[in-house]
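Engineer: Next up, query-v6.tsv (TSV, C-alpha atoms).
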chain	number	residue	atom	x	y	z
A	969	MET	CA	-4.20	0.57	7.50
A	970	ASP	CA	-7.34	-1.45	7.04
A	971	LEU	CA	-9.23	-3.26	4.33
A	972	GLY	CA	-12.81	-2.59	3.33
A	973	THR	CA	-13.90	-5.73	1.52
A	974	ALA	CA	-16.88	-7.23	-0.26
A	975	ASP	CA	-16.09	-10.63	1.30
A	976	LEU	CA	-14.67	-10.43	4.81
A	977	GLY	CA	-14.72	-14.20	5.19
A	978	ASP	CA	-12.53	-14.67	2.15
A	979	ALA	CA	-10.17	-11.92	3.31
A	980	ARG	CA	-9.72	-13.93	6.52
A	981	ARG	CA	-8.65	-16.84	4.33
A	982	PHE	CA	-6.49	-15.05	1.76
A	983	TYR	CA	-4.32	-12.76	3.87
A	984	PRO	CA	-3.46	-15.17	6.71
A	985	GLU	CA	-2.45	-17.76	4.10
A	986	LEU	CA	-0.32	-15.18	2.28
A	987	PHE	CA	1.31	-13.38	5.21
A	988	GLY	CA	1.09	-15.82	8.11
A	989	TRP	CA	-1.47	-13.74	9.99
A	990	SER	CA	-4.03	-14.87	12.53
A	991	TYR	CA	-7.06	-12.75	13.39
A	992	GLU	CA	-9.51	-11.67	16.06
A	993	ASP	CA	-13.09	-10.68	15.29
A	994	ASP	CA	-15.60	-8.77	17.44
A	995	GLY	CA	-18.56	-9.37	15.13
A	996	SER	CA	-18.16	-6.17	13.12
A	997	TYR	CA	-14.41	-5.68	12.68
A	998	THR	CA	-11.46	-8.01	12.16
A	999	THR	CA	-7.98	-7.33	13.52
A	1000	PHE	CA	-5.21	-9.25	11.77
A	1001	LEU	CA	-2.30	-10.29	13.98
A	1002	LEU	CA	1.31	-11.19	13.30
A	1003	ASN	CA	2.81	-13.23	16.13
A	1004	GLY	CA	-0.04	-12.03	18.34
A	1005	ARG	CA	0.43	-8.31	17.63
A	1006	PRO	CA	-1.97	-6.10	15.60
A	1007	VAL	CA	-0.74	-5.61	12.04
A	1008	ALA	CA	-3.83	-4.55	10.02
A	1009	GLY	CA	-7.61	-4.35	10.17
A	1010	ALA	CA	-10.53	-5.32	7.94
A	1011	GLY	CA	-14.25	-4.71	7.80
A	1012	PRO	CA	-17.23	-4.97	5.44
A	1013	LEU	CA	-18.20	-2.39	2.83
A	1014	PHE	CA	-20.96	0.03	3.78
A	1015	GLY	CA	-21.44	2.14	0.64
A	1016	GLU	CA	-23.39	1.05	-2.44
A	1017	GLY	CA	-20.93	0.24	-5.22
A	1018	GLN	CA	-17.92	0.82	-2.98
A	1019	PRO	CA	-14.89	-1.15	-4.21
A	1020	THR	CA	-12.76	-3.42	-2.06
A	1021	ALA	CA	-9.71	-1.37	-1.10
A	1022	TRP	CA	-6.96	-0.88	1.46
A	1023	SER	CA	-7.11	2.45	3.31
A	1024	THR	CA	-4.12	4.38	4.60
A	1025	TYR	CA	-4.49	6.00	8.03
A	1026	ILE	CA	-2.16	8.78	9.16
A	1027	ALA	CA	-1.71	9.11	12.91
A	1028	THR	CA	-2.67	12.40	14.55
A	1029	ASN	CA	-3.14	13.84	18.02
A	1030	ASP	CA	-6.09	15.95	16.85
A	1031	ALA	CA	-8.41	14.67	14.12
A	1032	ASP	CA	-10.56	17.80	14.25
A	1033	MET	CA	-7.56	20.04	13.62
A	1034	VAL	CA	-6.57	17.88	10.63
A	1035	ALA	CA	-10.11	18.16	9.22
A	1036	ALA	CA	-9.89	21.94	9.39
A	1037	ARG	CA	-6.47	21.92	7.69
A	1038	VAL	CA	-7.68	19.57	4.95
A	1039	ALA	CA	-10.52	21.94	4.08
A	1040	ALA	CA	-8.21	24.98	4.24
A	1041	ASN	CA	-5.66	23.36	1.90
A	1042	GLY	CA	-8.05	22.34	-0.87
A	1043	GLY	CA	-9.01	18.84	0.26
A	1044	LYS	CA	-12.47	17.46	0.99
A	1045	VAL	CA	-13.84	16.11	4.26
A	1046	LEU	CA	-15.70	12.89	3.36
A	1047	VAL	CA	-16.43	11.74	6.92
A	1048	PRO	CA	-16.07	14.33	9.70
A	1049	PRO	CA	-14.21	13.25	12.85
A	1050	PHE	CA	-16.12	10.81	15.03
A	1051	ASP	CA	-15.37	8.58	18.02
A	1052	VAL	CA	-15.00	4.82	17.59
A	1053	HIS	CA	-16.14	3.87	21.10
A	1054	ASP	CA	-13.09	4.38	23.35
A	1055	GLN	CA	-10.68	3.01	20.74
A	1056	GLY	CA	-9.98	6.33	19.03
A	1057	ARG	CA	-11.26	9.08	16.79
A	1058	MET	CA	-11.12	8.98	13.01
A	1059	ALA	CA	-12.03	10.93	9.89
A	1060	ALA	CA	-11.86	10.33	6.13
A	1061	PHE	CA	-10.81	12.74	3.40
A	1062	LEU	CA	-9.98	13.28	-0.25
A	1063	ASP	CA	-6.81	15.17	-1.12
A	1064	PRO	CA	-7.05	17.81	-3.91
A	1065	GLY	CA	-6.10	15.18	-6.50
A	1066	GLY	CA	-8.91	12.85	-5.42
A	1067	ALA	CA	-6.91	10.27	-3.43
A	1068	PRO	CA	-8.77	9.06	-0.32
A	1069	PHE	CA	-7.02	8.78	3.04
A	1070	SER	CA	-7.97	8.74	6.71
A	1071	VAL	CA	-6.56	9.81	10.05
A	1072	TRP	CA	-6.57	8.01	13.39
A	1073	GLN	CA	-6.38	9.70	16.78
A	1074	ALA	CA	-5.56	6.82	19.09
A	1075	GLY	CA	-7.52	5.98	22.21
A	1076	THR	CA	-7.27	2.46	23.59
A	1077	MET	CA	-6.36	1.19	20.09
A	1078	GLN	CA	-2.99	2.49	18.96
A	1079	GLY	CA	-3.10	0.87	15.51
A	1080	ALA	CA	-0.54	-1.48	14.01
A	1081	ALA	CA	2.13	-2.59	16.48
A	1082	VAL	CA	4.72	-4.08	14.12
A	1083	PHE	CA	6.35	-2.72	10.97
A	1084	ASP	CA	9.16	-3.49	8.52
A	1085	VAL	CA	9.31	-7.25	9.09
A	1086	PRO	CA	7.90	-9.85	6.68
A	1087	GLY	CA	4.11	-9.90	6.93
A	1088	SER	CA	3.79	-6.29	8.10
A	1089	LEU	CA	3.46	-2.85	6.55
A	1090	THR	CA	6.78	-1.51	5.28
A	1091	TRP	CA	5.81	1.51	3.12
A	1092	ASN	CA	2.93	3.75	2.06
A	1093	GLU	CA	2.96	5.52	-1.28
A	1094	LEU	CA	0.70	8.12	-2.85
A	1095	ASN	CA	0.20	7.85	-6.60
A	1096	THR	CA	-1.04	11.21	-7.86
A	1097	ARG	CA	-1.64	13.06	-11.12
A	1098	ASN	CA	-0.23	16.31	-9.68
A	1099	LEU	CA	3.03	16.00	-7.73
A	1100	ASP	CA	3.35	19.70	-6.88
A	1101	GLU	CA	-0.23	19.89	-5.61
A	1102	ALA	CA	0.30	16.84	-3.37
A	1103	HIS	CA	3.58	18.30	-2.09
A	1104	ALA	CA	1.85	21.52	-1.03
A	1105	PHE	CA	-1.23	19.80	0.42
A	1106	TYR	CA	0.39	17.18	2.64
A	1107	GLY	CA	3.09	19.59	3.76
A	1108	GLY	CA	0.43	22.10	4.74
A	1109	VAL	CA	-1.81	19.60	6.52
A	1110	PHE	CA	0.77	17.45	8.33
A	1111	GLY	CA	3.94	19.54	8.35
A	1112	TRP	CA	5.94	16.98	6.39
A	1113	GLN	CA	9.28	17.88	4.87
A	1114	PHE	CA	10.27	16.36	1.53
A	1115	ARG	CA	13.37	14.97	-0.09
A	1116	HIS	CA	13.44	15.01	-3.89
A	1117	SER	CA	14.48	11.73	-5.47
A	1118	SER	CA	13.67	9.74	-8.59
A	1119	ILE	CA	12.87	6.25	-9.85
A	1120	GLY	CA	14.65	6.08	-13.16
A	1121	GLU	CA	13.59	9.28	-14.91
A	1122	VAL	CA	10.40	9.67	-12.87
A	1123	PRO	CA	10.56	12.23	-10.01
A	1124	TYR	CA	9.76	10.90	-6.54
A	1125	LEU	CA	9.15	12.65	-3.24
A	1126	VAL	CA	10.10	11.06	0.08
A	1127	ALA	CA	8.05	12.59	2.89
A	1128	LYS	CA	9.83	12.97	6.21
A	1129	LEU	CA	8.72	13.77	9.75
A	1130	HIS	CA	11.46	14.71	12.21
A	1131	GLU	CA	14.03	13.44	9.67
A	1132	THR	CA	12.37	10.00	9.49
A	1133	ALA	CA	11.14	8.87	6.06
A	1134	ILE	CA	7.48	7.91	6.42
A	1135	CYS	CA	6.01	7.59	2.92
A	1136	GLY	CA	6.53	8.37	-0.76
A	1137	ILE	CA	4.72	10.35	-3.44
A	1138	GLN	CA	5.09	9.63	-7.14
A	1139	PRO	CA	3.41	11.05	-10.25
A	1140	MET	CA	1.07	8.88	-12.31
A	1141	THR	CA	2.58	9.36	-15.76
A	1142	ALA	CA	0.38	8.84	-18.82
A	1143	GLU	CA	2.80	6.20	-20.11
A	1144	ALA	CA	2.63	4.05	-16.97
A	1145	TRP	CA	-0.91	4.60	-15.69
A	1146	PRO	CA	-4.19	4.14	-17.61
A	1147	ALA	CA	-6.40	7.23	-17.59
A	1148	ASP	CA	-9.19	5.41	-15.73
A	1149	VAL	CA	-7.01	4.64	-12.66
A	1150	SER	CA	-7.75	7.19	-9.95
A	1151	PRO	CA	-5.11	8.69	-7.63
A	1152	HIS	CA	-4.67	6.48	-4.60
A	1153	TRP	CA	-2.53	5.47	-1.65
A	1154	MET	CA	-0.78	2.10	-1.98
A	1155	VAL	CA	0.20	-0.10	0.97
A	1156	TYR	CA	3.39	-2.19	0.73
A	1157	PHE	CA	3.80	-5.33	2.83
A	1158	ALA	CA	7.26	-6.68	3.55
A	1159	VAL	CA	7.99	-10.24	2.38
A	1160	HIS	CA	11.04	-12.51	2.36
A	1161	ASP	CA	10.80	-13.30	-1.37
A	1162	CYS	CA	8.79	-11.15	-3.78
A	1163	ASP	CA	8.54	-13.73	-6.56
A	1164	ARG	CA	7.48	-16.53	-4.23
A	1165	SER	CA	4.88	-14.33	-2.52
A	1166	THR	CA	3.53	-13.26	-5.92
A	1167	GLU	CA	3.13	-16.89	-6.99
A	1168	HIS	CA	1.50	-17.71	-3.65
A	1169	ALA	CA	-1.01	-14.87	-4.06
A	1170	LEU	CA	-1.92	-16.22	-7.51
A	1171	ALA	CA	-2.42	-19.71	-6.11
A	1172	LEU	CA	-4.75	-18.28	-3.44
A	1173	GLY	CA	-6.96	-16.64	-6.07
A	1174	GLY	CA	-5.35	-13.21	-6.30
A	1175	ARG	CA	-4.14	-11.39	-9.42
A	1176	VAL	CA	-0.84	-9.87	-10.49
A	1177	LEU	CA	-1.31	-6.24	-11.57
A	1178	PHE	CA	2.39	-5.47	-11.96
A	1179	ALA	CA	4.86	-8.34	-12.26
A	1180	PRO	CA	7.90	-8.55	-9.95
A	1181	ALA	CA	10.52	-5.93	-10.74
A	1182	SER	CA	13.72	-4.77	-9.11
A	1183	LEU	CA	14.47	-1.34	-7.64
A	1184	SER	CA	17.53	-0.09	-5.79
A	1185	ILE	CA	15.80	-0.84	-2.48
A	1186	GLY	CA	14.64	-4.35	-3.39
A	1187	ARG	CA	12.14	-6.31	-5.46
A	1188	TYR	CA	8.40	-5.60	-5.53
A	1189	SER	CA	5.14	-6.47	-7.26
A	1190	VAL	CA	1.60	-5.07	-7.23
A	1191	LEU	CA	-1.18	-7.55	-6.52
A	1192	ALA	CA	-4.94	-7.71	-6.01
A	1193	ASP	CA	-6.82	-9.99	-3.65
A	1194	PRO	CA	-9.76	-12.08	-4.98
A	1195	GLN	CA	-12.16	-9.17	-4.37
A	1196	GLY	CA	-9.93	-6.65	-6.17
A	1197	GLY	CA	-8.23	-5.02	-3.19
A	1198	MET	CA	-4.90	-3.68	-4.47
A	1199	PHE	CA	-1.65	-3.87	-2.49
A	1200	ALA	CA	2.07	-4.33	-3.09
A	1201	VAL	CA	4.71	-6.63	-1.64
A	1202	LEU	CA	8.36	-5.65	-1.21
A	1203	ALA	CA	11.39	-7.80	-0.47
A	1204	SER	CA	13.89	-5.21	0.73
A	1205	ASN	CA	17.61	-5.63	0.21
A	1206	ARG	CA	18.38	-3.21	3.05
Would you mind giving the structure from this file in structure tokens?
Structural biologist:
Amino acid sequence: MDLGTADLGDARRFYPELFGWSYEDDGSYTTFLLNGRPVAGAGPLFGEGQPTAWSTYIATNDADMVAARVAANGGKVLVPPFDVHDQGRMAAFLDPGGAPFSVWQAGTMQGAAVFDVPGSLTWNELNTRNLDEAHAFYGGVFGWQFRHSSIGEVPYLVAKLHETAICGIQPMTAEAWPADVSPHWMVYFAVHDCDRSTEHALALGGRVLFAPASLSIGRYSVLADPQGGMFAVLASNR
């Protein structure tokens, strides 16, 4: 995953302070590191009026094949596949519900190298207005299988690849989500203590969008960085 931000300099301040990251910069792109290993990326915004946001990348061996499948399954190709020097090949899409996502076909850059430890990505989750449509689309494009679950009374899909859970999909109910919030992918970063990390984010100039709450898997909150980039933190109890 990577961050497109209106203030790259401030992102280099905020996220290392919050998650204990360091970073490397090549003049156009920043790679955040956790204990010396790549954990996330960040770059400037290029589109007029584009909001600061985290982007979810799904790994693929063939970005061009994914682009064809996206179009065939009712999605939209925003940026056709292109090479990023020798680092890899990427493309950007909208799913049928309007949620943006990207794919990465690795070259010399594999992507994040550490997961599921504090300060790293631990979960990706699609929030969508049409659960059945998302089920059909992502299954058709990526071959995911799904396990039906729920959060309280809200249905929840756990996407699996080769029996490994890789992400979740949940419906954006009218009661919980304002009508002006678009479908989107959410990145969850693992933390030791959700409440402490939430307070720390506030102290660093971030905002709390959803206060800490407990689930069966742990305690989480939804935050925004000072430029409005939305992300979640999760202290797992597993």
Engineer: Could you check which of A:Lys1044, A:Tyr1025, A:Leu1013, A:Ala1127 is closest to Ser996 (chain A), using all atoms listed in the file?
Structural biologist: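 Closest to Ser996 (chain A), using all atoms listed in the file: A:Leu1013.
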Engineer: If you take all atoms listed in the file and a cut-off of 12 Å, which residues of region 1133-1177 of chain A touch region 1098-1121 of chain A, and what are their nearest atom pairs and distances in Å to one decimal, in chain and number order, as a Markdown table?
Structural biologist:
| residue | atom | partner | partner_atom | distance |
| --- | --- | --- | --- | --- |
| A:Ala1133 | CA | A:Phe1114 | CA | 8.8 |
| A:Ile1134 | CA | A:Trp1112 | CA | 9.2 |
| A:Cys1135 | CA | A:Phe1114 | CA | 9.8 |
| A:Gly1136 | CA | A:Phe1114 | CA | 9.1 |
| A:Ile1137 | CA | A:Leu1099 | CA | 7.3 |
| A:Gln1138 | CA | A:Leu1099 | CA | 6.7 |
| A:Pro1139 | CA | A:Leu1099 | CA | 5.6 |
| A:Met1140 | CA | A:Asn1098 | CA | 8.0 |
| A:Thr1141 | CA | A:Asn1098 | CA | 9.7 |
| A:Ala1142 | CA | A:Asn1098 | CA | 11.8 |
| A:Ser1150 | CA | A:Asn1098 | CA | 11.8 |
| A:Pro1151 | CA | A:Asn1098 | CA | 9.3 |
| A:His1152 | CA | A:Ala1102 | CA | 11.6 |
| A:Trp1153 | CA | A:Ala1102 | CA | 11.8 |
Engineer: Deliver the residues from the most recent selection as a file, using C-alpha atoms, as a PDB file, keeping the file's coordinate frame.
Structural biologist:
ATOM      1  CA  ALA A1133      11.140   8.870   6.060  1.00  0.00           C
ATOM      2  CA  ILE A1134       7.480   7.910   6.420  1.00  0.00           C
ATOM      3  CA  CYS A1135       6.010   7.590   2.920  1.00  0.00           C
ATOM      4  CA  GLY A1136       6.530   8.370  -0.760  1.00  0.00           C
ATOM      5  CA  ILE A1137       4.720  10.350  -3.440  1.00  0.00           C
ATOM      6  CA  GLN A1138       5.090   9.630  -7.140  1.00  0.00           C
ATOM      7  CA  PRO A1139       3.410  11.050 -10.250  1.00  0.00           C
ATOM      8  CA  MET A1140       1.070   8.880 -12.310  1.00  0.00           C
ATOM      9  CA  THR A1141       2.580   9.360 -15.760  1.00  0.00           C
ATOM     10  CA  ALA A1142       0.380   8.840 -18.820  1.00  0.00           C
ATOM     11  CA  SER A1150      -7.750   7.190  -9.950  1.00  0.00           C
ATOM     12  CA  PRO A1151      -5.110   8.690  -7.630  1.00  0.00           C
ATOM     13  CA  HIS A1152      -4.670   6.480  -4.600  1.00  0.00           C
ATOM     14  CA  TRP A1153      -2.530   5.470  -1.650  1.00  0.00           C
TER      15      TRP A1153
END
Engineer: Using only C-alpha atoms, which of the listed residues (A:Leu1089, A:Ala1021, A:Leu1046, A:Val1071) sits closest to Leu1002 (chain A)?
Structural biologist: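 Ranked by minimum distance to Leu1002 (chain A), first place goes to A:Leu1089.
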Engineer: Report, in Å to a single decimal, how far apart CA of Tyr1156 (chain A) and CA of Gly1042 (chain A) are.
Structural biologist: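 Spanning CA of Gly1042 (chain A) to CA of Tyr1156 (chain A) is a straight-line distance of 27.1 Å.
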Engineer: Counting all atoms listed in the file, write as a list in words all protein and nucleic acid residues lying at most 12 Å from (1.5, -15.5, 10.0) in the file's frame.
Structural biologist: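 Answer for this query, in the requested form: Arg980, Arg981, Phe982, Tyr983, Pro984, Glu985, Leu986, Phe987, Gly988, Trp989, Ser990, Tyr991, Phe1000, Leu1001, Leu1002, Asn1003, Gly1004, Arg1005, Pro1006, Val1007, Val1085, Pro1086, Gly1087, Ser1088 and Val1159 of chain A.
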Engineer: Counting only C-alpha atoms, what is within 10 Å of region 1050-1052 of chain A, bar same-chain residues fewer than 2 positions away, as a VMD selection string?
Structural biologist: chain A and resid 1031 to 1032 1047 to 1048 1054 to 1060 1072 to 1075 1077
Engineer: In the coordinate frame of the file, compute which residues have an atom within 9 Å of (2.1, 1.4, 9.6) when using only C-alpha atoms, and state them as a PDB file with C-alpha atoms, in the frame of the given file.
Structural biologist:
ATOM      1  CA  MET A 969      -4.200   0.570   7.500  1.00  0.00           C
ATOM      2  CA  VAL A1007      -0.740  -5.610  12.040  1.00  0.00           C
ATOM      3  CA  ALA A1008      -3.830  -4.550  10.020  1.00  0.00           C
ATOM      4  CA  THR A1024      -4.120   4.380   4.600  1.00  0.00           C
ATOM      5  CA  TYR A1025      -4.490   6.000   8.030  1.00  0.00           C
ATOM      6  CA  ILE A1026      -2.160   8.780   9.160  1.00  0.00           C
ATOM      7  CA  GLY A1079      -3.100   0.870  15.510  1.00  0.00           C
ATOM      8  CA  ALA A1080      -0.540  -1.480  14.010  1.00  0.00           C
ATOM      9  CA  ALA A1081       2.130  -2.590  16.480  1.00  0.00           C
ATOM     10  CA  VAL A1082       4.720  -4.080  14.120  1.00  0.00           C
ATOM     11  CA  PHE A1083       6.350  -2.720  10.970  1.00  0.00           C
ATOM     12  CA  ASP A1084       9.160  -3.490   8.520  1.00  0.00           C
ATOM     13  CA  SER A1088       3.790  -6.290   8.100  1.00  0.00           C
ATOM     14  CA  LEU A1089       3.460  -2.850   6.550  1.00  0.00           C
ATOM     15  CA  THR A1090       6.780  -1.510   5.280  1.00  0.00           C
ATOM     16  CA  TRP A1091       5.810   1.510   3.120  1.00  0.00           C
ATOM     17  CA  ASN A1092       2.930   3.750   2.060  1.00  0.00           C
ATOM     18  CA  VAL A1155       0.200  -0.100   0.970  1.00  0.00           C
TER      19      VAL A1155
END
Engineer: Which residues are close to Ile1185 (chain A), i.e. within 7 Å by only C-alpha atoms, leaving aside same-chain residues fewer than 5 positions away? Reply as a PDB file with C-alpha atoms, keeping the file's coordinate frame.
Structural biologist:
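Below you can see around_27.pdb, which holds the result:
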ATOM      1  CA  SER A1204      13.890  -5.210   0.730  1.00  0.00           C
ATOM      2  CA  ASN A1205      17.610  -5.630   0.210  1.00  0.00           C
ATOM      3  CA  ARG A1206      18.380  -3.210   3.050  1.00  0.00           C
TER       4      ARG A1206
END
Engineer: What's around Met1154 (chain A) at 9 Å? Count only C-alpha atoms, leave out sequence neighbours fewer than 4 positions away in its own chain, and write the answer as an NGL selection string.
Structural biologist: :A and (1022-1024 or 1091-1095 or 1198-1200)
Engineer: CA of Gly977 (chain A) and CA of Gly1017 (chain A), how far apart in Å?
Structural biologist: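 For CA of Gly1017 (chain A) relative to CA of Gly977 (chain A), the distance reads 18.9 Å.
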Engineer: Would you mind reading off the distance between CA of Ala1203 (chain A) and CA of Tyr1124 (chain A), one decimal, in Å?
Structural biologist: 19.7 Å
Engineer: From the options A:Ala1010, A:Ala1040, A:Ala1067, A:Leu1172, which residue's atoms come nearest to Ala1192 (chain A), counting all atoms listed in the file?
Structural biologist: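 Comparing A:Ala1010, A:Ala1040, A:Ala1067, A:Leu1172 against Ala1192 (chain A), the winner is A:Leu1172.
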Engineer: As lines of an AutoDock Vina configuration file, what would the box around region 1143-1161 of chain A look like: edges along x, y and z, 8 Å added on every side, centre and edge lengths in Å to one decimal?
Structural biologist:
center_x = 0.9
center_y = -2.3
center_z = -8.3
size_x = 36.2
size_y = 38.0
size_z = 39.7
Engineer: Which residue is closest to Asp975 (chain A)? Choose from A:Ala1169, A:Asp1148, A:Phe1014, A:Pro1123 and count only C-alpha atoms.
Structural biologist: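 Closest candidate: A:Phe1014.
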